[in-house]
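Pasting upload.csv here (CSV, C-alpha atoms):
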chain,number,residue,atom,x,y,z
A,1,MET,CA,49.9,-134.1,33.1
A,2,LEU,CA,52.0,-131.0,32.4
A,3,ALA,CA,55.4,-131.7,31.0
A,4,SER,CA,58.1,-129.0,31.0
A,5,PRO,CA,61.4,-130.1,29.7
A,6,HIS,CA,64.5,-128.3,31.0
A,7,GLN,CA,68.2,-128.7,30.4
A,8,GLN,CA,70.5,-129.8,33.2
A,9,GLY,CA,72.5,-126.8,34.2
A,10,ALA,CA,76.1,-125.9,35.2
A,11,GLN,CA,77.9,-127.4,38.2
A,12,HIS,CA,80.0,-125.2,40.5
A,13,GLY,CA,83.4,-124.8,38.8
A,14,CYS,CA,82.6,-126.9,35.7
A,15,ARG,CA,79.9,-127.8,33.2
A,16,ARG,CA,78.0,-131.0,33.3
A,17,ALA,CA,76.7,-133.1,30.4
A,18,VAL,CA,73.4,-131.9,29.1
A,19,ILE,CA,70.5,-134.0,30.3
A,20,THR,CA,66.8,-133.5,29.4
A,21,ARG,CA,64.2,-134.1,32.1
A,22,SER,CA,60.4,-133.5,32.2
A,23,TYR,CA,58.6,-132.2,35.2
A,24,ARG,CA,54.9,-132.5,36.1
A,25,HIS,CA,54.8,-129.1,37.7
A,26,TYR,CA,56.4,-125.8,36.9
A,27,LEU,CA,58.3,-124.7,40.0
A,28,ASN,CA,58.7,-121.2,38.7
A,29,GLY,CA,55.9,-118.9,39.8
A,30,SER,CA,56.6,-116.2,37.1
A,31,ASN,CA,55.0,-116.1,33.7
A,32,MET,CA,57.4,-113.5,32.4
A,33,GLU,CA,59.8,-114.0,29.6
A,34,PRO,CA,63.5,-114.5,30.6
A,35,GLY,CA,65.4,-111.2,30.6
A,36,ALA,CA,62.3,-109.1,31.4
A,37,PRO,CA,62.6,-106.7,34.3
A,38,GLN,CA,61.0,-108.4,37.3
A,39,LEU,CA,62.1,-106.7,40.6
A,40,GLU,CA,62.8,-103.0,40.8
A,41,VAL,CA,64.3,-101.4,43.9
A,42,ASP,CA,64.2,-97.6,43.5
A,43,ARG,CA,66.0,-95.2,45.9
A,44,ARG,CA,65.3,-97.5,48.9
A,45,SER,CA,66.4,-96.1,52.3
A,46,LEU,CA,66.2,-97.6,55.8
A,47,THR,CA,67.2,-96.0,59.1
A,48,PHE,CA,67.6,-97.5,62.6
A,49,GLY,CA,67.9,-94.6,65.0
A,50,GLY,CA,70.9,-92.7,63.9
A,51,VAL,CA,72.2,-95.6,61.7
A,52,ARG,CA,71.4,-95.5,58.0
A,53,ALA,CA,71.3,-99.1,56.9
A,54,LEU,CA,70.3,-98.4,53.3
A,55,ASP,CA,70.9,-95.1,51.6
A,56,ASP,CA,69.0,-94.5,48.3
A,57,VAL,CA,69.7,-98.0,47.0
A,58,SER,CA,68.5,-98.7,43.5
A,59,LEU,CA,68.9,-102.0,41.5
A,60,ASP,CA,67.0,-104.0,39.0
A,61,VAL,CA,66.6,-107.8,38.8
A,62,VAL,CA,65.6,-109.5,35.6
A,63,GLN,CA,63.6,-112.7,35.2
A,64,GLY,CA,65.7,-115.9,35.1
A,65,GLU,CA,69.0,-114.6,36.4
A,66,ILE,CA,71.1,-115.2,39.6
A,67,HIS,CA,71.7,-111.7,41.0
A,68,ALA,CA,74.2,-111.7,43.9
A,69,ILE,CA,74.3,-108.9,46.5
A,70,ILE,CA,77.7,-108.7,48.2
A,71,GLY,CA,79.5,-106.4,50.6
A,72,PRO,CA,81.4,-106.4,53.9
A,73,ASN,CA,79.7,-107.2,57.2
A,74,GLY,CA,77.2,-104.5,58.1
A,75,ALA,CA,76.9,-103.3,54.5
A,76,GLY,CA,73.1,-103.6,54.5
A,77,LYS,CA,72.6,-106.8,52.5
A,78,THR,CA,70.2,-108.6,54.8
A,79,SER,CA,68.4,-105.3,55.5
A,80,LEU,CA,67.7,-105.0,51.8
A,81,LEU,CA,66.3,-108.6,51.6
A,82,ASN,CA,64.2,-107.8,54.7
A,83,CYS,CA,62.7,-104.8,52.9
A,84,ILE,CA,61.9,-106.8,49.8
A,85,SER,CA,60.2,-109.6,51.8
A,86,GLY,CA,58.3,-107.2,54.0
A,87,LEU,CA,60.0,-107.8,57.3
A,88,TYR,CA,61.2,-104.2,57.4
A,89,ARG,CA,59.3,-101.1,56.4
A,90,PRO,CA,61.7,-98.8,54.5
A,91,ASP,CA,61.8,-95.0,55.1
A,92,GLY,CA,61.5,-94.1,51.4
A,93,GLY,CA,61.7,-95.2,47.8
A,94,ARG,CA,59.9,-98.0,46.0
A,95,ILE,CA,60.1,-101.7,45.5
A,96,ILE,CA,58.1,-103.0,42.6
A,97,LEU,CA,57.5,-106.7,41.7
A,98,HIS,CA,56.6,-106.9,38.0
A,99,GLY,CA,54.3,-109.7,36.8
A,100,GLY,CA,52.8,-110.7,33.6
A,101,ASP,CA,49.3,-109.7,34.8
A,102,ALA,CA,50.0,-107.0,37.4
A,103,ASP,CA,52.7,-105.0,39.2
A,104,HIS,CA,52.8,-105.1,43.0
A,105,SER,CA,54.3,-102.5,45.4
A,106,LEU,CA,56.1,-104.3,48.1
A,107,ALA,CA,57.0,-101.2,50.2
A,108,ARG,CA,54.1,-101.3,52.6
A,109,ALA,CA,52.7,-104.8,52.0
A,110,ARG,CA,52.5,-107.5,54.7
A,111,PRO,CA,55.0,-110.4,54.4
A,112,SER,CA,52.1,-112.8,53.9
A,113,ARG,CA,50.8,-110.9,50.9
A,114,ILE,CA,54.3,-110.6,49.4
A,115,ALA,CA,54.6,-114.3,49.7
A,116,ARG,CA,51.3,-114.8,47.9
A,117,TRP,CA,52.6,-112.5,45.1
A,118,GLY,CA,55.6,-114.9,44.6
A,119,VAL,CA,58.5,-113.8,46.8
A,120,ALA,CA,60.0,-116.6,48.9
A,121,ARG,CA,63.2,-116.6,51.0
A,122,SER,CA,65.6,-118.5,53.1
A,123,PHE,CA,67.4,-117.2,56.2
A,124,GLN,CA,71.0,-117.1,57.2
A,125,ASN,CA,70.1,-119.0,60.4
A,126,ILE,CA,68.1,-122.1,59.7
A,127,GLU,CA,64.4,-121.5,60.4
A,128,LEU,CA,62.9,-125.0,60.2
A,129,PHE,CA,60.6,-127.0,62.5
A,130,ARG,CA,63.2,-129.4,63.8
A,131,HIS,CA,60.7,-131.9,65.2
A,132,LEU,CA,58.8,-132.2,61.9
A,133,SER,CA,59.9,-134.4,59.0
A,134,VAL,CA,61.5,-133.1,55.9
A,135,LEU,CA,58.3,-133.8,54.0
A,136,ASP,CA,56.2,-131.9,56.5
A,137,ASN,CA,58.5,-128.9,56.4
A,138,LEU,CA,58.3,-128.8,52.7
A,139,LEU,CA,54.5,-129.1,52.7
A,140,LEU,CA,54.5,-125.9,54.9
A,141,GLY,CA,55.9,-124.1,52.0
A,142,ARG,CA,52.7,-124.8,50.1
A,143,HIS,CA,50.5,-122.9,52.7
A,144,VAL,CA,50.1,-119.9,50.4
A,145,HIS,CA,48.4,-122.1,47.8
A,146,MET,CA,46.0,-123.8,50.3
A,147,ARG,CA,42.4,-122.8,49.6
A,148,HIS,CA,40.4,-124.7,52.2
A,149,ARG,CA,39.5,-123.5,55.7
A,150,LEU,CA,40.3,-125.3,58.9
A,151,LEU,CA,37.2,-127.5,59.3
A,152,PRO,CA,37.3,-129.2,55.9
A,153,SER,CA,41.0,-129.7,56.3
A,154,LEU,CA,40.5,-131.4,59.7
A,155,TRP,CA,38.0,-133.8,58.2
A,156,TYR,CA,40.6,-134.7,55.4
A,157,TRP,CA,37.9,-135.7,53.0
A,158,GLY,CA,36.7,-134.9,49.5
A,159,SER,CA,38.2,-131.7,48.1
A,160,ALA,CA,40.5,-131.1,51.1
A,161,ARG,CA,42.0,-134.6,50.6
A,162,ARG,CA,42.5,-134.0,46.9
A,163,GLN,CA,44.1,-130.7,47.6
A,164,GLU,CA,46.7,-132.2,49.9
A,165,ILE,CA,47.5,-135.0,47.4
A,166,ALA,CA,48.1,-132.4,44.8
A,167,GLN,CA,50.4,-130.3,47.1
A,168,ARG,CA,52.3,-133.5,48.0
A,169,ASP,CA,52.8,-134.2,44.3
A,170,LEU,CA,54.5,-130.9,43.8
A,171,VAL,CA,56.6,-131.3,46.9
A,172,GLU,CA,57.9,-134.6,45.6
A,173,GLU,CA,59.2,-132.7,42.5
A,174,VAL,CA,61.2,-130.5,44.9
A,175,ILE,CA,62.5,-133.5,46.8
A,176,ASP,CA,63.7,-135.0,43.5
A,177,LEU,CA,65.3,-131.8,42.3
A,178,LEU,CA,67.3,-131.3,45.6
A,179,GLU,CA,68.1,-135.1,45.9
A,180,ILE,CA,66.8,-135.5,49.5
A,181,GLN,CA,64.7,-138.6,48.9
A,182,ALA,CA,66.5,-140.6,51.5
A,183,HIS,CA,65.6,-138.0,54.2
A,184,ARG,CA,62.0,-137.6,53.3
A,185,HIS,CA,60.5,-139.0,56.6
A,186,LYS,CA,63.4,-138.0,58.9
A,187,PRO,CA,63.0,-135.3,61.6
A,188,VAL,CA,64.9,-132.2,60.3
A,189,GLY,CA,66.7,-131.9,63.7
A,190,SER,CA,68.4,-135.2,63.1
A,191,LEU,CA,70.0,-134.2,59.8
A,192,ALA,CA,73.5,-132.9,59.0
A,193,TYR,CA,73.8,-129.1,58.8
A,194,GLY,CA,74.3,-129.1,55.0
A,195,ILE,CA,71.1,-131.2,54.5
A,196,GLN,CA,69.1,-128.9,56.7
A,197,LYS,CA,70.2,-125.9,54.6
A,198,ARG,CA,69.0,-127.8,51.5
A,199,VAL,CA,65.7,-128.5,53.1
A,200,GLU,CA,65.3,-124.8,53.8
A,201,LEU,CA,66.0,-124.1,50.2
A,202,GLY,CA,63.4,-126.7,49.3
A,203,ARG,CA,60.7,-125.2,51.5
A,204,ALA,CA,61.1,-121.8,49.8
A,205,LEU,CA,61.1,-123.5,46.4
A,206,ALA,CA,57.9,-125.4,47.3
A,207,MET,CA,56.1,-122.0,47.2
A,208,GLN,CA,56.6,-121.9,43.4
A,209,PRO,CA,58.2,-118.5,43.8
A,210,ALA,CA,58.6,-115.9,41.1
A,211,VAL,CA,61.7,-114.5,43.0
A,212,LEU,CA,63.7,-116.6,45.5
A,213,LEU,CA,65.7,-114.6,48.1
A,214,LEU,CA,68.6,-116.6,49.6
A,215,ASP,CA,70.4,-115.1,52.6
A,216,GLU,CA,73.9,-116.8,52.8
A,217,PRO,CA,72.7,-120.3,51.9
A,218,MET,CA,76.3,-121.6,52.1
A,219,ALA,CA,77.2,-120.0,55.5
A,220,GLY,CA,78.9,-122.4,57.9
A,221,MET,CA,79.5,-125.1,55.2
A,222,ASN,CA,82.7,-127.0,54.3
A,223,VAL,CA,84.0,-126.9,50.8
A,224,GLU,CA,82.2,-130.0,49.6
A,225,GLU,CA,78.9,-128.8,51.0
A,226,LYS,CA,79.4,-125.4,49.4
A,227,GLU,CA,79.9,-127.1,46.0
A,228,ASP,CA,76.8,-129.1,46.4
A,229,MET,CA,74.7,-126.1,47.4
A,230,ALA,CA,76.1,-124.1,44.5
A,231,ARG,CA,75.0,-126.8,42.1
A,232,TYR,CA,71.5,-126.9,43.6
A,233,VAL,CA,71.1,-123.1,43.4
A,234,LEU,CA,72.1,-123.4,39.7
A,235,ASP,CA,69.6,-126.2,39.2
A,236,VAL,CA,66.8,-124.1,40.8
A,237,ASN,CA,67.7,-121.3,38.4
A,238,GLU,CA,68.5,-123.2,35.2
A,239,LEU,CA,66.2,-126.2,35.5
A,240,ALA,CA,63.2,-124.6,37.2
A,241,GLY,CA,63.8,-121.1,35.7
A,242,VAL,CA,63.4,-119.3,39.1
A,243,THR,CA,65.0,-115.9,39.5
A,244,VAL,CA,67.4,-116.0,42.5
A,245,VAL,CA,68.6,-113.0,44.5
A,246,LEU,CA,71.6,-114.3,46.5
A,247,ILE,CA,73.6,-112.9,49.5
A,248,GLU,CA,76.9,-114.8,49.8
A,249,HIS,CA,80.4,-114.1,51.3
A,250,ASP,CA,82.2,-116.7,49.3
A,251,MET,CA,83.5,-114.6,46.3
A,252,GLU,CA,84.5,-117.7,44.3
A,253,VAL,CA,81.0,-119.0,44.4
A,254,VAL,CA,79.5,-115.6,43.7
A,255,MET,CA,81.6,-115.0,40.7
A,256,ASP,CA,81.1,-118.5,39.4
A,257,ILE,CA,77.3,-118.8,39.4
A,258,SER,CA,76.0,-115.2,39.3
A,259,ARG,CA,75.0,-113.3,36.1
A,260,ARG,CA,75.0,-109.9,37.8
A,261,VAL,CA,76.5,-108.7,41.1
A,262,SER,CA,75.6,-105.6,43.2
A,263,VAL,CA,77.9,-104.4,45.9
A,264,LEU,CA,76.8,-102.6,49.1
A,265,ASP,CA,79.1,-100.7,51.5
A,266,PHE,CA,77.7,-98.9,54.5
A,267,GLY,CA,74.3,-98.9,53.0
A,268,LEU,CA,75.4,-97.4,49.7
A,269,LEU,CA,75.3,-99.2,46.3
A,270,ILE,CA,78.9,-98.7,45.1
A,271,ALA,CA,78.9,-101.1,42.0
A,272,SER,CA,76.6,-103.2,40.0
A,273,GLY,CA,77.2,-105.2,36.8
A,274,PRO,CA,78.6,-108.5,35.4
A,275,PRO,CA,81.0,-110.4,37.8
A,276,ASP,CA,84.2,-109.7,35.8
A,277,ALA,CA,83.5,-106.0,35.8
A,278,VAL,CA,82.6,-105.8,39.5
A,279,ARG,CA,85.7,-107.8,40.7
A,280,GLN,CA,87.9,-105.1,39.0
A,281,ASP,CA,86.0,-102.1,40.3
A,282,GLU,CA,88.2,-99.8,42.4
A,283,LYS,CA,85.5,-99.0,44.9
A,284,VAL,CA,84.8,-102.7,45.4
A,285,LEU,CA,88.5,-103.4,46.0
A,286,GLU,CA,88.7,-100.6,48.4
A,287,ALA,CA,85.7,-101.8,50.3
A,288,TYR,CA,87.1,-105.3,50.7
A,289,LEU,CA,90.8,-104.7,50.9
A,290,GLY,CA,91.2,-101.1,52.1
A,291,GLN,CA,92.4,-98.1,50.2
A,292,GLU,CA,96.1,-99.0,50.6
A,293,HIS,CA,95.7,-102.5,49.1
A,294,ALA,CA,93.3,-101.3,46.4
A,295,ALA,CA,95.8,-98.7,45.2
Structure re-expressed in structure tokens:
Amino acid sequence: MLASPHQQGAQHGCRRAVITRSYRHYLNGSNMEPGAPQLEVDRRSLTFGGVRALDDVSLDVVQGEIHAIIGPNGAGKTSLLNCISGLYRPDGGRIILHGGDADHSLARARPSRIARWGVARSFQNIELFRHLSVLDNLLLGRHVHMRHRLLPSLWYWGSARRQEIAQRDLVEEVIDLLEIQAHRHKPVGSLAYGIQKRVELGRALAMQPAVLLLDEPMAGMNVEEKEDMARYVLDVNELAGVTVVLIEHDMEVVMDISRRVSVLDFGLLIASGPPDAVRQDEKVLEAYLGQEHAA
């Protein structure tokens, strides 16, 4: 049994008491040291007809951090995540995922291959199988680690059975981390919106990602649900050690939990740095408040 002790992290808006817990499985798919360059976006551009969604965007994400990407509506935030995860094919530039054993170019790779390399994501709109249980939805996050073909899996015997038991064991770690034990066997469609968003986070985490992309995980939530989700994002980062790239419109949450913030405006990167520096940047104030208010 593999034990990996982690320290209980920070809660949104305050610090919790330190608790030590051991896990049977590492949920972090990266073997890099914290602080090492992990994801490199270099002069990335994307055009839709006459609209330039991304214009020579460059940013670096290091292992073990929460890196927030913010900006007004239409700034290109989701387009950037779609380029990283392979849903969009950029016009130019590079996207490199650094690993301990090899580096991977994401620019022209299929989404399935990018997922196998360790990039997982959630979506702004919930993309779960509503008729399936929470457990079944989370098990779907393990598909990139399945090694058996269809026929042995249908027989559910021998090595195929042992494989599913092992995958279920890791999924139970995710269920415990996100505190959704009471909903394990419930159909996702019957759950409250905030719990569904937590399940979607869990499905992405079940992939054991090296980098976790979260597209507005707190969209549509009330204040209490946002505080809960912020705490779970911190737990994923601090307890499991997973690098998180986060799009979020709630600036209080962003400034509270992020280590680095990058700001897009009309497809251009206008600022990037620690939260305190970004919140005082004149270009950022102008993008959010307008030139008259920023002045």
Practice item. In Å, rounded to a single decimal, give me how far atom CA of A:Gly86 is from atom CA of A:Ser112. Key: 8.4 Å
Practice item. Could you please determine the separation between atom CA of A:Leu246 and atom CA of A:Leu132 in Å, to one decimal place? Key: 26.9 Å
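Atom CA of A:Arg116 to atom CA of A:Val242 spans 15.6 Å [interatomic distance, one decimal].
Excluding A:Ala75 itself and same-chain residues fewer than 5 positions from it, the residues having an atom within 9 Å of it are Ala53, Leu54, Ile70, Val263, Leu264, Asp265, Phe266, Gly267 and Leu268 of chain A, counting all atoms listed in the file.
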Review point. With all atoms listed in the file as the basis for distance, which of A:Pro111, A:Gly202, A:Gly241, A:Gly194 is at the shortest distance from A:Asn137?
Key: A:Gly202
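Among the candidate residues A:Glu33, A:Glu248, A:Asp136, A:Asp60, the one lying nearest to A:Glu216 is A:Glu248, with distances computed using only C-alpha atoms.
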Check your understanding: Which neighbours of A:Val174 fall inside 12 Å, counting all atoms listed in the file, when residues of the same chain fewer than 2 positions from it are skipped, and could you give them as a ChimeraX atom specification?
Key -> /A:23-28,134-135,137-139,141-142,167-172,176-181,184,198-208,232,235-236,239-240
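Of the listed residues A:Ile195, A:Ala210, A:Met251, A:Val41, the one whose atoms come nearest to A:Asp228 is A:Ile195, with distances taken using only C-alpha atoms.
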Review point. Mind listing as a VMD selection string all residues within 9 Å of (79.6, -117.2, 51.4), counting all atoms listed in the file?
Key: chain A and resid 216 to 221 226 247 to 254
Report as CSV the residues of stretch 154-248 of chain A within 6 Å of stretch 124-130 of chain A, each with its shortest atom pair and distance in Å (one decimal), using all atoms listed in the file, ordered by chain and increasing residue number.
residue,atom,partner,partner_atom,distance
A:Val188,CA,A:Arg130,CA,4.8
A:Gly189,CA,A:Arg130,CA,4.3
A:Asp215,CA,A:Gln124,CA,5.1
A:Glu216,CA,A:Gln124,CA,5.3
Excluding A:Tyr288 and residues on its chain fewer than 3 positions from it, collect all residues at most 8 Å away from it, counting all atoms listed in the file, and give them as a PDB file with C-alpha atoms, keeping the file's coordinate frame.
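Contents of part_2.pdb, as written:
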ATOM      1  CA  GLY A  71      79.500-106.400  50.600  1.00  0.00           C
ATOM      2  CA  PRO A  72      81.400-106.400  53.900  1.00  0.00           C
ATOM      3  CA  VAL A 284      84.800-102.700  45.400  1.00  0.00           C
ATOM      4  CA  LEU A 285      88.500-103.400  46.000  1.00  0.00           C
TER       5      LEU A 285
END
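Using only C-alpha atoms, the nearest neighbour of A:Ile114 within the list A:Asn73, A:Gly100, A:Leu212, A:Pro90 is A:Leu212.
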**Study point:** Residue contacts of A:Arg108 (10 Å, only C-alpha atoms) excluding same-chain residues fewer than 5 positions away, as a list of chain:residue names
**Key:** A:Cys83, A:Ile84, A:Gly86, A:Leu87, A:Tyr88, A:Arg89, A:Pro90, A:Arg94, A:Ile95, A:Ile114
I need the chosen residues saved as an mmCIF file, in the frame of the given file, with C-alpha atoms.
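Generated file (again-v4.cif):
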data_model
loop_
_atom_site.group_PDB
_atom_site.id
_atom_site.type_symbol
_atom_site.label_atom_id
_atom_site.label_comp_id
_atom_site.auth_asym_id
_atom_site.auth_seq_id
_atom_site.Cartn_x
_atom_site.Cartn_y
_atom_site.Cartn_z
ATOM 1 C CA CYS A 83 62.700 -104.800 52.900
ATOM 2 C CA ILE A 84 61.900 -106.800 49.800
ATOM 3 C CA GLY A 86 58.300 -107.200 54.000
ATOM 4 C CA LEU A 87 60.000 -107.800 57.300
ATOM 5 C CA TYR A 88 61.200 -104.200 57.400
ATOM 6 C CA ARG A 89 59.300 -101.100 56.400
ATOM 7 C CA PRO A 90 61.700 -98.800 54.500
ATOM 8 C CA ARG A 94 59.900 -98.000 46.000
ATOM 9 C CA ILE A 95 60.100 -101.700 45.500
ATOM 10 C CA ILE A 114 54.300 -110.600 49.400
#
All residues 8 Å or closer to A:Asp91, all atoms listed in the file, same chain fewer than 2 positions away omitted, as a short mmCIF file (atom, residue, chain, number, x, y, z; two decimals) with C-alpha atoms, in the frame of the given file:
data_model
loop_
_atom_site.label_atom_id
_atom_site.label_comp_id
_atom_site.auth_asym_id
_atom_site.auth_seq_id
_atom_site.Cartn_x
_atom_site.Cartn_y
_atom_site.Cartn_z
CA ARG A 44 65.30 -97.50 48.90
CA SER A 45 66.40 -96.10 52.30
CA LEU A 46 66.20 -97.60 55.80
CA THR A 47 67.20 -96.00 59.10
CA ARG A 89 59.30 -101.10 56.40
CA GLY A 93 61.70 -95.20 47.80
#
